[in-house]
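A.B. asks: Enclosed is the structure file start-v3.txt (compact mmCIF, C-alpha atoms and all ligand atoms).
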# COMPACT_ATOMS: atom_id res chain seq x y z
CA MET B 220 -37.54 -43.28 -73.67
CA GLU B 221 -39.81 -40.46 -72.53
CA PRO B 222 -41.40 -38.47 -75.41
CA LEU B 223 -39.72 -35.24 -74.35
CA GLU B 224 -36.32 -36.91 -74.32
CA THR B 225 -36.94 -38.54 -77.70
CA ILE B 226 -37.89 -35.20 -79.28
CA ILE B 227 -35.02 -33.21 -77.80
CA GLY B 228 -32.71 -36.10 -78.77
CA LEU B 229 -33.71 -35.78 -82.44
CA PHE B 230 -32.72 -32.11 -82.48
CA VAL B 231 -29.48 -32.75 -80.61
CA GLU B 232 -28.55 -35.59 -82.94
CA HIS B 233 -29.77 -34.27 -86.31
CA GLY B 234 -30.55 -30.57 -85.79
CA ALA B 235 -27.29 -29.39 -87.35
CA ARG B 236 -28.34 -30.74 -90.74
CA ALA B 237 -28.88 -28.15 -93.43
CA TYR B 238 -32.46 -27.06 -93.98
CA LEU B 239 -32.96 -28.15 -97.59
CA GLY B 240 -31.05 -25.61 -99.57
CA GLU B 241 -31.68 -22.73 -97.13
CA PRO B 242 -28.95 -20.84 -95.25
CA VAL B 243 -29.99 -22.19 -91.82
CA SER B 244 -29.79 -25.56 -90.05
CA GLN B 245 -32.86 -27.63 -89.16
CA LEU B 246 -32.55 -26.57 -85.52
CA GLU B 247 -32.17 -22.86 -86.37
CA HIS B 248 -35.18 -23.12 -88.66
CA ALA B 249 -37.29 -24.82 -85.98
CA LEU B 250 -36.29 -22.27 -83.32
CA GLN B 251 -37.01 -19.31 -85.60
CA ALA B 252 -40.43 -20.71 -86.53
CA ALA B 253 -41.30 -21.32 -82.86
CA ARG B 254 -40.14 -17.81 -81.96
CA LEU B 255 -42.46 -16.30 -84.58
CA ALA B 256 -45.35 -18.32 -83.14
CA VAL B 257 -44.61 -17.02 -79.63
CA GLU B 258 -44.37 -13.45 -80.91
CA GLN B 259 -47.84 -13.82 -82.42
CA ASP B 260 -49.28 -15.11 -79.14
CA ALA B 261 -50.03 -18.51 -80.62
CA SER B 262 -51.45 -21.27 -78.42
CA ASP B 263 -49.09 -23.77 -76.76
CA ALA B 264 -50.14 -26.33 -79.37
CA LEU B 265 -49.27 -24.07 -82.27
CA VAL B 266 -45.93 -23.02 -80.77
CA VAL B 267 -45.10 -26.72 -80.45
CA ALA B 268 -46.33 -27.33 -84.01
CA ALA B 269 -44.05 -24.54 -85.26
CA LEU B 270 -41.09 -26.03 -83.41
CA LEU B 271 -41.75 -29.58 -84.63
CA HIS B 272 -43.20 -28.95 -88.11
CA ASP B 273 -40.19 -30.38 -89.94
CA ILE B 274 -39.44 -33.22 -87.54
CA GLY B 275 -40.28 -35.56 -90.43
CA HIS B 276 -36.91 -34.59 -91.87
CA LEU B 277 -35.16 -35.58 -88.64
CA VAL B 278 -36.82 -38.95 -88.08
CA ASP B 279 -35.70 -40.08 -91.52
CA ASP B 280 -32.04 -40.58 -92.36
CA HIS B 281 -32.67 -40.43 -96.10
CA ALA B 282 -34.45 -37.09 -96.03
CA ALA B 283 -31.42 -34.81 -95.89
CA ASP B 284 -30.80 -34.56 -99.62
CA ALA B 285 -34.23 -35.66 -100.83
CA ASP B 286 -34.99 -32.69 -102.94
CA GLU B 287 -31.69 -32.65 -104.65
CA ARG B 288 -32.51 -36.20 -105.66
CA GLY B 289 -35.83 -34.97 -107.05
CA VAL B 290 -38.06 -36.91 -104.64
CA ASP B 291 -40.77 -35.58 -102.38
CA GLU B 292 -40.19 -37.41 -99.09
CA ARG B 293 -43.63 -36.37 -97.73
CA HIS B 294 -41.97 -35.15 -94.54
CA GLU B 295 -45.30 -33.72 -93.36
CA ASP B 296 -46.79 -37.23 -93.22
CA LYS B 297 -43.70 -38.68 -91.57
CA GLY B 298 -43.84 -35.96 -88.95
CA ASP B 299 -47.55 -36.54 -88.42
CA ARG B 300 -47.11 -40.30 -87.97
CA PHE B 301 -44.27 -39.81 -85.51
CA LEU B 302 -45.98 -37.07 -83.47
CA CYS B 303 -49.43 -38.73 -83.35
CA GLN B 304 -48.08 -41.04 -80.66
CA TYR B 305 -47.47 -38.09 -78.35
CA PHE B 306 -49.69 -35.15 -79.27
CA GLU B 307 -53.27 -34.22 -80.07
CA LYS B 308 -54.58 -32.98 -83.38
CA ASP B 309 -54.08 -29.30 -82.58
CA VAL B 310 -50.34 -30.03 -82.78
CA THR B 311 -50.27 -32.70 -85.48
CA GLU B 312 -52.83 -31.41 -87.99
CA PRO B 313 -51.17 -28.04 -88.72
CA ILE B 314 -47.96 -30.02 -89.27
CA ARG B 315 -49.60 -32.58 -91.53
CA LEU B 316 -51.17 -29.74 -93.53
CA HIS B 317 -48.23 -27.33 -93.73
CA VAL B 318 -47.18 -28.41 -97.22
CA SER B 319 -50.78 -28.27 -98.45
CA ALA B 320 -50.95 -24.79 -96.91
CA LYS B 321 -48.06 -23.73 -99.13
CA ARG B 322 -49.83 -25.10 -102.22
CA TYR B 323 -52.98 -23.30 -101.02
CA LEU B 324 -51.22 -19.96 -100.49
CA CYS B 325 -49.51 -20.21 -103.89
CA ALA B 326 -52.93 -20.49 -105.51
CA ALA B 327 -54.76 -17.98 -103.31
CA ASP B 328 -52.12 -15.25 -102.93
CA ASP B 329 -49.91 -13.95 -105.78
CA VAL B 330 -47.69 -12.00 -103.40
CA TYR B 331 -46.98 -15.17 -101.43
CA LEU B 332 -45.87 -17.02 -104.53
CA SER B 333 -43.57 -14.18 -105.59
CA ARG B 334 -41.81 -14.24 -102.19
CA LEU B 335 -41.00 -17.94 -102.01
CA SER B 336 -37.31 -18.82 -101.75
CA PRO B 337 -35.69 -20.61 -104.73
CA ALA B 338 -35.46 -23.87 -102.74
CA SER B 339 -39.12 -23.59 -101.81
CA ILE B 340 -40.13 -23.02 -105.43
CA ARG B 341 -38.15 -26.11 -106.42
CA SER B 342 -39.88 -28.26 -103.81
CA LEU B 343 -43.29 -26.78 -104.73
CA GLU B 344 -43.08 -28.53 -108.08
CA LEU B 345 -42.30 -31.85 -106.39
CA GLN B 346 -45.18 -31.26 -103.97
CA GLY B 347 -47.76 -30.86 -106.74
CA GLY B 348 -47.59 -27.12 -107.55
CA PRO B 349 -50.25 -24.54 -106.61
CA MET B 350 -53.70 -25.98 -105.73
CA SER B 351 -56.53 -26.09 -108.21
CA ARG B 352 -59.67 -24.07 -107.42
CA VAL B 353 -61.44 -27.17 -106.16
CA GLU B 354 -58.51 -28.01 -103.90
CA VAL B 355 -58.44 -24.42 -102.57
CA VAL B 356 -62.10 -24.58 -101.52
CA ALA B 357 -61.67 -28.04 -99.98
CA PHE B 358 -58.54 -27.02 -98.07
CA ALA B 359 -60.08 -23.84 -96.65
CA SER B 360 -62.89 -25.87 -95.06
CA LEU B 361 -60.58 -28.24 -93.16
CA PRO B 362 -60.68 -27.92 -89.34
CA TYR B 363 -57.04 -26.86 -88.94
CA ALA B 364 -56.61 -24.91 -92.19
CA ASP B 365 -56.11 -21.55 -90.45
CA ALA B 366 -53.53 -22.97 -88.06
CA ALA B 367 -51.70 -24.65 -90.94
CA ILE B 368 -51.63 -21.38 -92.92
CA ALA B 369 -50.26 -19.45 -89.91
CA LEU B 370 -47.62 -22.14 -89.41
CA ARG B 371 -46.73 -22.00 -93.09
CA VAL B 372 -46.10 -18.27 -93.01
CA TRP B 373 -43.76 -18.65 -90.00
CA ASP B 374 -42.08 -21.55 -91.77
CA ASP B 375 -41.32 -19.35 -94.78
CA GLU B 376 -39.95 -16.55 -92.62
CA ALA B 377 -37.79 -18.76 -90.43
CA LYS B 378 -34.79 -18.83 -92.72
CA LEU B 379 -32.64 -15.93 -91.58
CA PRO B 380 -28.97 -16.85 -91.21
CA GLY B 381 -27.43 -15.92 -87.86
CA LEU B 382 -30.64 -14.61 -86.26
CA GLU B 383 -30.39 -14.73 -82.45
CA VAL B 384 -33.38 -16.52 -80.97
CA PRO B 385 -34.06 -18.40 -77.72
CA GLY B 386 -32.76 -21.99 -77.65
CA LEU B 387 -34.53 -25.32 -77.30
CA GLY B 388 -34.75 -25.02 -73.51
CA GLU B 389 -37.25 -22.17 -73.93
CA TYR B 390 -39.75 -24.63 -75.42
CA ILE B 391 -39.53 -27.41 -72.86
CA PRO B 392 -42.46 -25.99 -70.84
CA TYR B 393 -44.56 -25.75 -74.03
CA LEU B 394 -43.71 -29.35 -74.88
CA GLN B 395 -44.43 -30.49 -71.33
CA ARG B 396 -47.83 -28.77 -71.24
CA THR B 397 -48.94 -30.24 -74.57
CA LEU B 398 -47.57 -33.70 -73.78
CA MET B 399 -49.20 -33.67 -70.36
CA ARG B 400 -52.59 -32.95 -71.90
CA THR B 401 -52.30 -36.06 -74.03
CA ALA B 402 -51.06 -38.18 -71.14
CA VAL B 403 -53.96 -37.11 -68.91
CA LYS B 404 -56.50 -38.15 -71.54
CA ARG B 405 -54.99 -41.57 -72.15
FE FE U 1 -40.05 -25.75 -92.56
For the file at hand, write its structure as structure tokens.

C.D. replies:
Amino acid sequence: MEPLETIIGLFVEHGARAYLGEPVSQLEHALQAARLAVEQDASDALVVAALLHDIGHLVDDHAADADERGVDERHEDKGDRFLCQYFEKDVTEPIRLHVSAKRYLCAADDVYLSRLSPASIRSLELQGGPMSRVEVVAFASLPYADAAIALRVWDDEAKLPGLEVPGLGEYIPYLQRTLMRTAVKR
């Protein structure tokens, strides 16, 4: 199957799943995150990263209730492994780092920590809690740290029940442009 079809297929098949204790579905969450990226004039790669940042939850049938079961499914790594076949690092790295970015922001920004949703606080513990000072310095020097932090902030805001946002079709050109870039290089 073509990459574009595979990706859209995952949302069509599994997008109605609940987004881990939040009042929106996986698809609504993805669309709201992507919308925020567009509103901030993000690059094509980062818009696609925002749309696909939780795809790790959709490629794995056991992920739906992971945090109720008290396990960290490492959905950021699953997403990264899946997307590496199709996209370059400017898409995959912010996704791989978006959970670390939350641990970073919790350590570096008190206001951020105080605004996290209850479900996000619960998963923070499973994910290792706020970063240590050494981890903060190391994270900030990573090549895609800024992109991951931007993505993280959209991720946290993309949880509004019933918000009207453009549908999946809006992002097909973004996906095509980023997929084409990879295809041309291969
Ligand atoms: Fe998310």

A.B. asks: Could I get the residue neighbourhood of ligand FE 1 (chain U) at 7 Å, counting all atoms listed in the file, as a VMD selection string?

C.D. replies: chain B and resid 248 272 to 273 374 to 375

A.B. asks: Counting only C-alpha atoms, which residues in stretch 332-389 of chain B sit no more than 10 Å from stretch 291-312 of chain B? For each one, give the nearest pair of atoms and the distance in Å, sorted by chain then residue number, as JSON lines.

C.D. replies:
{"residue": "B:Ser342", "atom": "CA", "partner": "B:Asp291", "partner_atom": "CA", "distance": 7.5}
{"residue": "B:Leu343", "atom": "CA", "partner": "B:Asp291", "partner_atom": "CA", "distance": 9.5}
{"residue": "B:Glu344", "atom": "CA", "partner": "B:Asp291", "partner_atom": "CA", "distance": 9.4}
{"residue": "B:Leu345", "atom": "CA", "partner": "B:Asp291", "partner_atom": "CA", "distance": 5.7}
{"residue": "B:Gln346", "atom": "CA", "partner": "B:Asp291", "partner_atom": "CA", "distance": 6.4}
{"residue": "B:Gly347", "atom": "CA", "partner": "B:Asp291", "partner_atom": "CA", "distance": 9.5}
{"residue": "B:Leu361", "atom": "CA", "partner": "B:Glu312", "partner_atom": "CA", "distance": 9.8}
{"residue": "B:Pro362", "atom": "CA", "partner": "B:Glu312", "partner_atom": "CA", "distance": 8.7}
{"residue": "B:Tyr363", "atom": "CA", "partner": "B:Glu312", "partner_atom": "CA", "distance": 6.3}
{"residue": "B:Ala364", "atom": "CA", "partner": "B:Glu312", "partner_atom": "CA", "distance": 8.6}
{"residue": "B:Ala366", "atom": "CA", "partner": "B:Asp309", "partner_atom": "CA", "distance": 8.4}
{"residue": "B:Ala367", "atom": "CA", "partner": "B:Glu312", "partner_atom": "CA", "distance": 7.5}

A.B. asks: In Å to one decimal, how far is atom CA of B:Val231 from atom CA of B:Trp373?

C.D. replies: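 We find that atom CA of B:Trp373 and atom CA of B:Val231 lie 22.2 Å from each other.
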
A.B. asks: So, counting all atoms listed in the file, which residue among B:Ser333, B:Glu258, B:Gln395, B:Leu277 is closest to B:Glu232?

C.D. replies: B:Leu277

A.B. asks: Which polymer residues, whether protein, DNA or RNA, lie within 9 Å of the coordinate (-36.7, -35.0, -89.3) when you count all atoms listed in the file? List them as a PyMOL selection string, using the chain letters and numbers from the file.

C.D. replies: chain B and resi 229-230+233-234+245+271-280+282-283+294+297-298

A.B. asks: Dump C-alpha atoms for the selected residues as a PDB file, in the coordinates of the input?

C.D. replies:
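Contents of result-v5.pdb, freshly written:
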ATOM      1  CA  LEU B 229     -33.710 -35.780 -82.440  1.00  0.00           C
ATOM      2  CA  PHE B 230     -32.720 -32.110 -82.480  1.00  0.00           C
ATOM      3  CA  HIS B 233     -29.770 -34.270 -86.310  1.00  0.00           C
ATOM      4  CA  GLY B 234     -30.550 -30.570 -85.790  1.00  0.00           C
ATOM      5  CA  GLN B 245     -32.860 -27.630 -89.160  1.00  0.00           C
ATOM      6  CA  LEU B 271     -41.750 -29.580 -84.630  1.00  0.00           C
ATOM      7  CA  HIS B 272     -43.200 -28.950 -88.110  1.00  0.00           C
ATOM      8  CA  ASP B 273     -40.190 -30.380 -89.940  1.00  0.00           C
ATOM      9  CA  ILE B 274     -39.440 -33.220 -87.540  1.00  0.00           C
ATOM     10  CA  GLY B 275     -40.280 -35.560 -90.430  1.00  0.00           C
ATOM     11  CA  HIS B 276     -36.910 -34.590 -91.870  1.00  0.00           C
ATOM     12  CA  LEU B 277     -35.160 -35.580 -88.640  1.00  0.00           C
ATOM     13  CA  VAL B 278     -36.820 -38.950 -88.080  1.00  0.00           C
ATOM     14  CA  ASP B 279     -35.700 -40.080 -91.520  1.00  0.00           C
ATOM     15  CA  ASP B 280     -32.040 -40.580 -92.360  1.00  0.00           C
ATOM     16  CA  ALA B 282     -34.450 -37.090 -96.030  1.00  0.00           C
ATOM     17  CA  ALA B 283     -31.420 -34.810 -95.890  1.00  0.00           C
ATOM     18  CA  HIS B 294     -41.970 -35.150 -94.540  1.00  0.00           C
ATOM     19  CA  LYS B 297     -43.700 -38.680 -91.570  1.00  0.00           C
ATOM     20  CA  GLY B 298     -43.840 -35.960 -88.950  1.00  0.00           C
TER      21      GLY B 298
END

A.B. asks: Rounded to one decimal place, report the atom CA of B:Met350-atom CA of B:His317 distance in Å.

C.D. replies: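 So the answer is 13.3 Å.
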
A.B. asks: Starting from the sparse input, extend stretch 372-384 of chain B to N, CA and C atoms and give the output as an mmCIF file, keeping the file's coordinate frame.

C.D. replies:
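Output (rebuild.cif):
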data_model
loop_
_atom_site.group_PDB
_atom_site.id
_atom_site.type_symbol
_atom_site.label_atom_id
_atom_site.label_comp_id
_atom_site.auth_asym_id
_atom_site.auth_seq_id
_atom_site.Cartn_x
_atom_site.Cartn_y
_atom_site.Cartn_z
ATOM 1 N N VAL B 372 -46.696 -19.599 -92.855
ATOM 2 C CA VAL B 372 -46.100 -18.270 -93.010
ATOM 3 C C VAL B 372 -44.860 -18.148 -92.105
ATOM 4 N N TRP B 373 -44.946 -18.670 -90.881
ATOM 5 C CA TRP B 373 -43.760 -18.650 -90.000
ATOM 6 C C TRP B 373 -42.660 -19.503 -90.608
ATOM 7 N N ASP B 374 -43.033 -20.639 -91.126
ATOM 8 C CA ASP B 374 -42.080 -21.550 -91.770
ATOM 9 C C ASP B 374 -41.281 -20.799 -92.846
ATOM 10 N N ASP B 375 -41.981 -20.062 -93.671
ATOM 11 C CA ASP B 375 -41.320 -19.350 -94.780
ATOM 12 C C ASP B 375 -40.412 -18.222 -94.293
ATOM 13 N N GLU B 376 -40.760 -17.666 -93.131
ATOM 14 C CA GLU B 376 -39.950 -16.550 -92.620
ATOM 15 C C GLU B 376 -38.768 -17.013 -91.785
ATOM 16 N N ALA B 377 -38.779 -18.261 -91.396
ATOM 17 C CA ALA B 377 -37.790 -18.760 -90.430
ATOM 18 C C ALA B 377 -36.527 -19.266 -91.116
ATOM 19 N N LYS B 378 -35.944 -18.409 -91.921
ATOM 20 C CA LYS B 378 -34.790 -18.830 -92.720
ATOM 21 C C LYS B 378 -33.688 -17.796 -92.703
ATOM 22 N N LEU B 379 -33.601 -17.024 -91.609
ATOM 23 C CA LEU B 379 -32.640 -15.930 -91.580
ATOM 24 C C LEU B 379 -31.314 -16.382 -90.964
ATOM 25 N N PRO B 380 -30.246 -16.375 -91.741
ATOM 26 C CA PRO B 380 -28.970 -16.850 -91.210
ATOM 27 C C PRO B 380 -28.490 -15.982 -90.050
ATOM 28 N N GLY B 381 -28.046 -16.637 -88.974
ATOM 29 C CA GLY B 381 -27.430 -15.920 -87.860
ATOM 30 C C GLY B 381 -28.381 -15.179 -86.934
ATOM 31 N N LEU B 382 -29.694 -15.306 -87.140
ATOM 32 C CA LEU B 382 -30.640 -14.610 -86.260
ATOM 33 C C LEU B 382 -30.558 -15.184 -84.839
ATOM 34 N N GLU B 383 -30.458 -14.273 -83.845
ATOM 35 C CA GLU B 383 -30.390 -14.730 -82.450
ATOM 36 C C GLU B 383 -31.796 -14.973 -81.929
ATOM 37 N N VAL B 384 -32.070 -16.195 -81.541
ATOM 38 C CA VAL B 384 -33.380 -16.520 -80.970
ATOM 39 C C VAL B 384 -33.180 -17.430 -79.753
#
